[in-house]
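Novice: Sharing work06.txt (compact mmCIF, C-alpha atoms (C1' of nucleotides)) below.
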# COMPACT_ATOMS: atom_id res chain seq x y z
CA MET X 8 23.06 -10.19 -11.32
CA GLU X 9 25.81 -9.54 -13.87
CA GLU X 10 24.18 -6.83 -15.88
CA HIS X 11 25.66 -7.40 -19.32
CA LYS X 12 23.70 -5.21 -21.60
CA CYS X 13 22.54 -5.70 -25.11
CA GLU X 14 21.25 -2.78 -27.12
CA HIS X 15 17.79 -2.88 -28.64
CA ASN X 16 15.99 0.28 -29.66
CA ASP X 17 18.49 2.42 -27.82
CA ILE X 18 17.53 0.76 -24.55
CA SER X 19 20.09 -1.18 -22.57
CA TYR X 20 18.44 -4.37 -21.39
CA PRO X 21 19.69 -6.98 -18.94
CA LYS X 22 21.03 -10.14 -20.60
CA GLY X 23 18.88 -13.24 -20.20
CA LEU X 24 15.58 -11.40 -20.34
CA LYS X 25 13.63 -11.60 -23.56
CA TRP X 26 12.92 -8.24 -25.13
CA THR X 27 9.27 -8.91 -26.02
CA LYS X 28 6.85 -6.39 -27.45
CA GLN X 29 4.93 -6.33 -24.16
CA ARG X 30 8.06 -5.45 -22.22
CA LYS X 31 8.95 -2.80 -24.76
CA CYS X 32 5.52 -1.25 -24.26
CA VAL X 33 5.78 -1.15 -20.49
CA TYR X 34 9.27 0.27 -20.71
CA GLN X 35 8.19 2.91 -23.18
CA VAL X 36 5.20 4.01 -21.10
CA LEU X 37 7.41 4.35 -18.03
CA GLU X 38 9.97 6.24 -20.03
CA GLU X 39 7.43 8.75 -21.27
CA ALA X 40 5.78 9.13 -17.85
CA THR X 41 6.47 12.25 -15.85
CA GLU X 42 5.26 10.69 -12.62
CA PRO X 43 5.13 7.24 -11.04
CA LEU X 44 2.33 5.05 -12.43
CA SER X 45 0.30 2.16 -11.06
CA ALA X 46 0.20 -1.16 -12.90
CA VAL X 47 -3.35 -0.45 -14.00
CA GLN X 48 -2.47 3.01 -15.26
CA ILE X 49 0.30 1.49 -17.34
CA TYR X 50 -2.12 -1.12 -18.61
CA ASN X 51 -4.62 1.53 -19.62
CA ARG X 52 -2.05 3.62 -21.46
CA ILE X 53 -0.92 0.62 -23.44
CA GLU X 54 -4.51 -0.26 -24.29
CA ARG X 55 -5.10 3.28 -25.48
CA ASP X 56 -2.01 3.39 -27.65
CA HIS X 57 -2.23 -0.11 -29.07
CA GLU X 58 -5.92 -0.64 -29.58
CA GLY X 59 -6.93 -4.13 -30.52
CA SER X 60 -3.76 -5.84 -29.34
CA ASP X 61 -4.89 -7.83 -26.35
CA TYR X 62 -2.60 -7.42 -23.41
CA ALA X 63 -3.30 -8.91 -20.00
CA VAL X 64 -3.09 -6.94 -16.78
CA SER X 65 -1.42 -9.90 -15.15
CA THR X 66 1.36 -9.62 -17.70
CA ILE X 67 1.96 -6.01 -16.71
CA TYR X 68 2.30 -7.07 -13.09
CA ARG X 69 4.71 -9.85 -13.99
CA ILE X 70 6.78 -7.54 -16.16
CA LEU X 71 6.96 -4.91 -13.44
CA ALA X 72 8.05 -7.53 -10.91
CA THR X 73 10.78 -8.68 -13.28
CA PHE X 74 11.89 -5.13 -13.98
CA GLU X 75 12.04 -4.47 -10.27
CA GLU X 76 14.13 -7.57 -9.59
CA HIS X 77 16.58 -6.33 -12.17
CA GLY X 78 16.70 -2.85 -10.73
CA MET X 79 15.14 -1.32 -13.83
CA VAL X 80 12.17 0.18 -12.00
CA GLU X 81 11.49 1.29 -8.46
CA LYS X 82 8.32 0.22 -6.71
CA THR X 83 6.99 2.77 -4.27
CA THR X 84 3.82 3.62 -2.44
CA PHE X 85 2.30 6.98 -1.83
CA MET X 86 2.34 7.74 1.83
CA GLY X 87 -0.92 7.94 3.66
CA ASP X 88 -2.99 5.90 1.24
CA GLY X 89 -1.37 2.74 -0.01
CA THR X 90 -1.31 3.32 -3.77
CA VAL X 91 1.47 1.24 -5.31
CA VAL X 92 3.30 2.89 -8.17
CA TYR X 93 6.29 2.20 -10.36
CA GLU X 94 8.81 4.51 -11.94
CA LEU X 95 11.80 3.97 -14.14
CA ASN X 96 15.03 3.86 -12.20
CA ARG X 97 16.81 6.71 -13.89
CA GLY X 98 19.67 6.70 -11.43
CA GLU X 99 18.66 10.11 -10.17
CA HIS X 100 17.82 10.40 -6.54
CA THR X 101 14.79 12.62 -6.02
CA HIS X 102 12.39 13.39 -3.21
CA TYR X 103 9.00 14.94 -3.60
CA ALA X 104 6.64 17.32 -1.89
CA VAL X 105 3.17 15.84 -2.30
CA CYS X 106 0.06 17.99 -2.13
CA LEU X 107 -2.54 16.47 0.17
CA GLU X 108 -5.32 18.09 -1.82
CA CYS X 109 -4.58 17.56 -5.51
CA HIS X 110 -1.84 14.92 -5.14
CA LYS X 111 0.55 16.89 -7.30
CA ARG X 112 4.15 15.83 -6.79
CA ILE X 113 6.77 18.57 -6.76
CA PRO X 114 10.36 17.35 -6.95
CA LEU X 115 12.61 18.79 -4.27
CA PRO X 116 15.56 20.71 -5.64
CA SER X 117 18.06 18.73 -3.61
CA CYS X 118 18.41 15.84 -1.25
CA PRO X 119 18.61 17.12 2.31
CA PHE X 120 20.91 14.25 3.13
CA ALA X 121 23.61 15.26 0.72
CA HIS X 122 25.69 16.58 3.61
CA VAL X 123 24.36 14.47 6.42
CA HIS X 124 25.78 11.15 7.44
CA LEU X 125 22.90 9.40 9.03
CA GLU X 126 24.76 6.13 9.13
CA GLN X 127 26.69 7.30 12.16
CA ASP X 128 23.58 8.06 14.14
CA THR X 129 21.96 4.68 13.77
CA GLY X 130 24.64 2.60 15.39
CA ASP X 131 24.97 -0.88 13.99
CA PHE X 132 22.66 -0.34 11.08
CA THR X 133 24.06 -0.14 7.56
CA VAL X 134 22.00 2.30 5.55
CA THR X 135 21.63 1.40 1.89
CA GLY X 136 18.87 3.80 0.99
CA HIS X 137 16.28 6.19 2.25
CA LYS X 138 12.95 7.58 1.25
CA LEU X 139 11.61 10.97 2.14
CA GLU X 140 8.38 12.66 1.31
CA LEU X 141 7.09 16.00 2.46
CA TYR X 142 3.42 16.72 2.47
CA GLY X 143 1.37 19.82 2.67
CA TYR X 144 -0.45 22.05 0.23
CA CYS X 145 0.66 23.48 -3.09
CA LYS X 146 0.07 27.14 -3.83
CA LYS X 147 -3.11 26.58 -5.82
CA CYS X 148 -4.72 24.42 -3.16
CA GLN X 149 -3.66 26.77 -0.36
CA GLU X 150 -5.61 29.56 -2.00
CA ALA X 151 -8.61 27.36 -2.70
CA ARG X 152 -8.67 26.39 0.96
CA LYS X 153 -8.53 29.98 2.19
CA LYS X 154 -11.66 30.88 0.28
CA GLN X 155 -13.77 28.37 2.15
CA MET N 30 -12.75 19.16 16.27
CA GLU N 31 -12.96 20.51 19.80
CA GLU N 32 -11.25 17.73 21.62
CA HIS N 33 -13.02 17.84 24.95
CA LYS N 34 -11.92 14.76 26.73
CA CYS N 35 -13.76 12.44 29.00
CA GLU N 36 -11.87 9.90 31.05
CA HIS N 37 -12.67 6.23 30.76
CA ASN N 38 -10.23 3.59 31.85
CA ASP N 39 -7.43 6.11 32.07
CA ILE N 40 -7.79 6.84 28.35
CA SER N 41 -8.73 10.29 27.16
CA TYR N 42 -11.31 9.92 24.45
CA PRO N 43 -12.81 12.53 22.13
CA LYS N 44 -16.27 13.68 23.14
CA GLY N 45 -19.14 12.52 20.95
CA LEU N 46 -17.62 9.15 20.16
CA LYS N 47 -19.06 6.15 21.94
CA TRP N 48 -16.54 4.27 24.01
CA THR N 49 -17.63 0.77 22.99
CA LYS N 50 -15.92 -2.45 23.94
CA GLN N 51 -14.75 -2.91 20.33
CA ARG N 52 -13.09 0.50 20.33
CA LYS N 53 -11.53 -0.21 23.71
CA CYS N 54 -10.04 -3.41 22.29
CA VAL N 55 -8.58 -1.72 19.22
CA TYR N 56 -7.18 1.06 21.35
CA GLN N 57 -5.66 -1.39 23.79
CA VAL N 58 -4.02 -3.46 21.08
CA LEU N 59 -2.50 -0.35 19.55
CA GLU N 60 -1.34 0.82 22.92
CA GLU N 61 0.43 -2.44 23.65
CA ALA N 62 1.94 -2.68 20.17
CA THR N 63 5.61 -1.86 19.75
CA GLU N 64 5.27 -1.40 16.00
CA PRO N 65 2.63 -0.24 13.54
CA LEU N 66 -0.02 -2.88 12.83
CA SER N 67 -2.30 -3.63 9.90
CA ALA N 68 -6.06 -3.80 10.38
CA VAL N 69 -5.96 -7.56 10.00
CA GLN N 70 -3.15 -7.92 12.53
CA ILE N 71 -5.20 -5.94 15.00
CA TYR N 72 -8.21 -8.11 14.24
CA ASN N 73 -6.20 -11.28 14.84
CA ARG N 74 -4.81 -10.08 18.15
CA ILE N 75 -8.27 -9.24 19.38
CA GLU N 76 -9.56 -12.64 18.27
CA ARG N 77 -6.70 -14.31 20.10
CA ASP N 78 -7.27 -12.41 23.33
CA HIS N 79 -11.06 -12.47 23.36
CA GLU N 80 -11.93 -15.90 22.05
CA GLY N 81 -15.58 -16.46 21.35
CA SER N 82 -16.56 -12.81 21.16
CA ASP N 83 -17.41 -12.31 17.52
CA TYR N 84 -15.86 -9.17 16.14
CA ALA N 85 -16.04 -8.20 12.48
CA VAL N 86 -13.01 -7.14 10.47
CA SER N 87 -15.09 -4.43 8.90
CA THR N 88 -15.64 -2.96 12.32
CA ILE N 89 -11.90 -2.74 12.86
CA TYR N 90 -11.55 -0.84 9.62
CA ARG N 91 -14.33 1.53 10.56
CA ILE N 92 -12.91 2.10 14.01
CA LEU N 93 -9.47 2.79 12.59
CA ALA N 94 -10.93 5.26 10.11
CA THR N 95 -12.75 7.03 12.93
CA PHE N 96 -9.65 7.06 15.10
CA GLU N 97 -7.68 8.52 12.22
CA GLU N 98 -10.23 11.28 11.60
CA HIS N 99 -9.90 12.23 15.23
CA GLY N 100 -6.15 12.23 15.13
CA MET N 101 -5.90 9.33 17.54
CA VAL N 102 -3.99 7.06 15.17
CA GLU N 103 -1.71 7.61 12.22
CA LYS N 104 -2.19 5.64 9.03
CA THR N 105 1.01 4.88 7.18
CA THR N 106 2.33 2.54 4.56
CA PHE N 107 5.61 0.73 4.54
CA MET N 108 7.69 2.02 1.72
CA GLY N 109 8.48 -0.36 -1.08
CA ASP N 110 5.60 -2.72 -0.61
CA GLY N 111 2.25 -1.13 0.04
CA THR N 112 1.35 -2.56 3.43
CA VAL N 113 -1.02 -0.21 5.23
CA VAL N 114 -0.45 0.04 8.96
CA TYR N 115 -1.75 2.03 11.89
CA GLU N 116 -0.07 3.24 15.02
CA LEU N 117 -1.24 5.19 18.00
CA ASN N 118 -0.52 8.88 17.70
CA ARG N 119 1.59 9.32 20.79
CA GLY N 120 2.54 12.85 19.89
CA GLU N 121 6.14 11.83 19.43
CA HIS N 122 7.68 12.36 16.05
CA THR N 123 9.82 9.38 15.15
CA HIS N 124 11.54 8.05 12.07
CA TYR N 125 12.73 4.51 11.61
CA ALA N 126 15.51 2.55 10.05
CA VAL N 127 13.90 -0.54 8.55
CA CYS N 128 15.89 -3.71 7.95
CA LEU N 129 15.29 -5.04 4.44
CA GLU N 130 15.95 -8.59 5.63
CA CYS N 131 14.06 -9.09 8.89
CA HIS N 132 11.83 -5.99 8.72
CA LYS N 133 12.89 -4.90 12.17
CA ARG N 134 12.22 -1.20 12.77
CA ILE N 135 14.81 0.76 14.70
CA PRO N 136 13.72 4.21 15.85
CA LEU N 137 16.12 6.99 14.92
CA PRO N 138 17.44 8.92 17.88
CA SER N 139 16.44 12.26 16.41
CA CYS N 140 14.65 13.87 13.52
CA PRO N 141 17.18 15.08 10.98
CA PHE N 142 14.89 17.97 10.19
CA ALA N 143 14.95 19.45 13.64
CA HIS N 144 17.32 22.15 12.42
CA VAL N 145 16.42 22.26 8.76
CA HIS N 146 13.78 24.50 7.30
CA LEU N 147 12.73 22.68 4.20
CA GLU N 148 9.76 24.94 3.70
CA GLN N 149 12.00 27.59 2.27
CA ASP N 150 13.43 25.31 -0.36
CA THR N 151 10.17 24.24 -1.87
CA GLY N 152 8.90 27.61 -2.95
CA ASP N 153 5.16 27.99 -2.83
CA PHE N 154 4.50 24.77 -1.02
CA THR N 155 3.37 24.82 2.60
CA VAL N 156 4.79 21.79 4.36
CA THR N 157 2.56 20.35 7.05
CA GLY N 158 4.37 17.08 7.59
CA HIS N 159 7.02 14.72 6.36
CA LYS N 160 7.84 11.07 6.41
CA LEU N 161 11.28 9.59 6.32
CA GLU N 162 12.44 6.04 6.34
CA LEU N 163 15.93 4.70 6.04
CA TYR N 164 16.54 1.20 4.86
CA GLY N 165 19.45 -1.12 5.00
CA TYR N 166 20.52 -4.02 7.15
CA CYS N 167 20.58 -4.40 10.90
CA LYS N 168 23.66 -5.83 12.58
CA LYS N 169 22.32 -9.37 12.84
CA CYS N 170 21.32 -9.54 9.20
CA GLN N 171 24.57 -7.98 8.03
CA GLU N 172 26.48 -10.81 9.64
CA ALA N 173 24.12 -13.44 8.30
CA ARG N 174 24.62 -12.07 4.80
CA LYS N 175 28.41 -12.10 5.04
CA LYS N 176 28.47 -15.81 5.75
CA GLN N 177 26.81 -16.68 2.46
C1' DA Q 27 -35.43 6.40 23.21
C1' DT Q 28 -32.33 7.60 19.89
C1' DC Q 29 -28.87 7.23 16.73
C1' DA Q 30 -24.12 6.04 16.40
C1' DG Q 31 -21.91 1.78 16.23
C1' DT Q 32 -21.95 -3.05 15.02
C1' DG Q 33 -22.10 -7.90 12.60
C1' DC Q 34 -22.80 -10.12 8.57
C1' DA Q 35 -22.48 -11.15 3.93
C1' DA Q 36 -21.89 -9.49 -0.38
C1' DA Q 37 -19.26 -6.39 -3.47
C1' DC Q 38 -15.13 -4.46 -4.78
C1' DG Q 39 -10.46 -3.29 -6.64
C1' DA Q 40 -5.86 -4.61 -6.84
C1' DT Q 41 -2.79 -8.30 -7.34
C1' DT Q 42 -1.53 -13.35 -7.98
C1' DT Q 43 -1.72 -17.89 -9.82
C1' DG Q 44 -2.41 -22.33 -12.76
C1' DC Q 45 -2.36 -23.81 -17.05
C1' DA Q 46 -2.23 -24.21 -22.05
C1' DC Q 47 -0.36 -21.76 -25.73
C1' DC Q 48 3.07 -18.81 -28.03
C1' DT Q 49 7.57 -16.69 -29.29
C1' DC Q 50 12.16 -14.86 -28.73
C1' DG Q 51 16.83 -16.19 -29.07
C1' DC K 26 13.73 -26.34 -30.65
C1' DG K 27 13.08 -25.13 -25.84
C1' DA K 28 12.93 -22.26 -21.91
C1' DG K 29 10.93 -18.24 -20.83
C1' DG K 30 7.01 -15.21 -21.58
C1' DT K 31 2.11 -14.55 -22.30
C1' DG K 32 -3.29 -14.57 -22.22
C1' DC K 33 -7.11 -15.96 -19.91
C1' DA K 34 -10.01 -17.00 -16.22
C1' DA K 35 -10.30 -18.20 -11.62
C1' DA K 36 -8.50 -17.45 -6.99
C1' DT K 37 -6.93 -14.62 -3.37
C1' DC K 38 -6.19 -10.68 -0.51
C1' DG K 39 -7.24 -6.40 1.74
C1' DT K 40 -10.76 -3.24 2.17
C1' DT K 41 -15.50 -1.19 1.65
C1' DT K 42 -20.49 -1.06 1.73
C1' DG K 43 -25.74 -1.89 2.50
C1' DC K 44 -28.74 -3.28 5.68
C1' DA K 45 -30.96 -4.81 9.78
C1' DC K 46 -30.00 -5.02 14.55
C1' DT K 47 -27.92 -3.59 19.05
C1' DG K 48 -26.21 -0.91 22.81
C1' DA K 49 -24.01 3.45 24.75
C1' DT K 50 -25.44 7.84 26.17
As structure tokens, what does this structure read like?

Specialist:
Amino acid sequence: MEEHKCEHNDISYPKGLKWTKQRKCVYQVLEEATEPLSAVQIYNRIERDHEGSDYAVSTIYRILATFEEHGMVEKTTFMGDGTVVYELNRGEHTHYAVCLECHKRIPLPSCPFAHVHLEQDTGDFTVTGHKLELYGYCKKCQEARKKQ
Amino acid sequence: MEEHKCEHNDISYPKGLKWTKQRKCVYQVLEEATEPLSAVQIYNRIERDHEGSDYAVSTIYRILATFEEHGMVEKTTFMGDGTVVYELNRGEHTHYAVCLECHKRIPLPSCPFAHVHLEQDTGDFTVTGHKLELYGYCKKCQEARKKQ
DNA sequence: ATCAGTGCAAACGATTTGCACCTCG
DNA sequence: CGAGGTGCAAATCGTTTGCACTGAT
């Protein structure tokens, strides 16, 4: 819980957790990713980049669970289908518009709740977070659909 | 697509689909449910209520897929974990506050987007729908947490 | 009678677990 | 050195599929 940090490779890492090469890899992949990734996607990227070094998928899952417990990553699911993905918790707070056709994720310029106090509307419920996703069709897919 | 209806058991049902006893059961369970249910939950409830009659889980999945294609149910996933659930499409548009402790779902009194036109903010993206979930702690769980 | 709908069992992908070994601190 | 982390293979879970049969229209 107390997040003392110790600096390795420019990454601040919670005290008590070992900074193993596997964890470094997972962290690095997430850091370089421009979109949320599934455990298997992360596994594949590591395989690709570190050929020969035998990693186990189960390890990736365990690492992601640990990272999540320590608030380092956020576990989410795409709406509609149930794909589970992970992204580095960069402290930013972003929502996305997701294209139903090509699954592209377009970050929304701002959080619509910046000025809204939903807490008041929900009575005796303390809101600690929220998740919002718009869906529809991106420009490219709109045009492709018109032609049919 | 043309949703001609034919009335069976007070339920309006899309033309062309057979109104089998299995489909009736699934529909009934969803109708009586106060919260979204997973395919397996639906299966279990049917088993409980109709002991002896052998239903197959796979059938439930196929029925739910069909229902979804015909807009009769909505397939969703809980945010955070990837549980896939189905609920009857009652035409209402509701968002929920979900308690992180007891998983209770409290419907929000109104859609915060009623007055907001998000379409304009997202540029060339045509929004067809959105999903919003708040999370936090319900009154009961707040109090339980304080005592620790 | 016909064909959509079903049960069954097997296949599948994603995730978890038990256990012996390894390694970071 | 020792607890915590890992690899491996087997287990589990939710979901899908092929096929032969059945029942709603």

Novice: May I have the residues of chain K within 10 Å of chain X, counting only C-alpha atoms (C1' of nucleotides), written as a list in words?

Specialist: DG29, DG30, DT31, DG32 and DC33 of chain K

Novice: Env of region 163-167 of chain N: 9 Å cut, atoms = all atoms listed in the file, seq-sep filter 2 positions within chain, self excluded. Answer as a PyMOL selection string.

Specialist: (chain X and resi 125+131-139) or (chain N and resi 124-131+133+135+161+169-172)

Novice: So that I can check the surroundings of region 34-42 of chain K, please list as a VMD selection string every protein, DNA and RNA residue that reaches within 12 Å of it, counting all atoms listed in the file and ignoring chain neighbours fewer than 5 positions away.

Specialist: (chain X and resid 63 65 89) or (chain N and resid 67 to 70 86 to 91 94 111 to 114) or (chain Q and resid 34 to 45)

Novice: Give me, as a tab-separated table, each residue of chain Q that comes within 9 Å of chain N, together with its shortest interatomic pair and the distance in Å at one decimal, counting all atoms listed in the file, with rows ordered by chain and rising residue number.

Specialist:
residue	atom	partner	partner_atom	distance
Q:DA30	C1'	N:Lys47	CA	7.5
Q:DG31	C1'	N:Lys47	CA	7.7
Q:DT32	C1'	N:Thr88	CA	6.9
Q:DG33	C1'	N:Ala85	CA	6.1
Q:DC34	C1'	N:Ala85	CA	8.0

Novice: Tell me, in Å to one decimal, how far CA of Cys54 (chain N) is from C1' of DA49 (chain K).

Specialist: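 These two atoms are separated by 15.8 Å.
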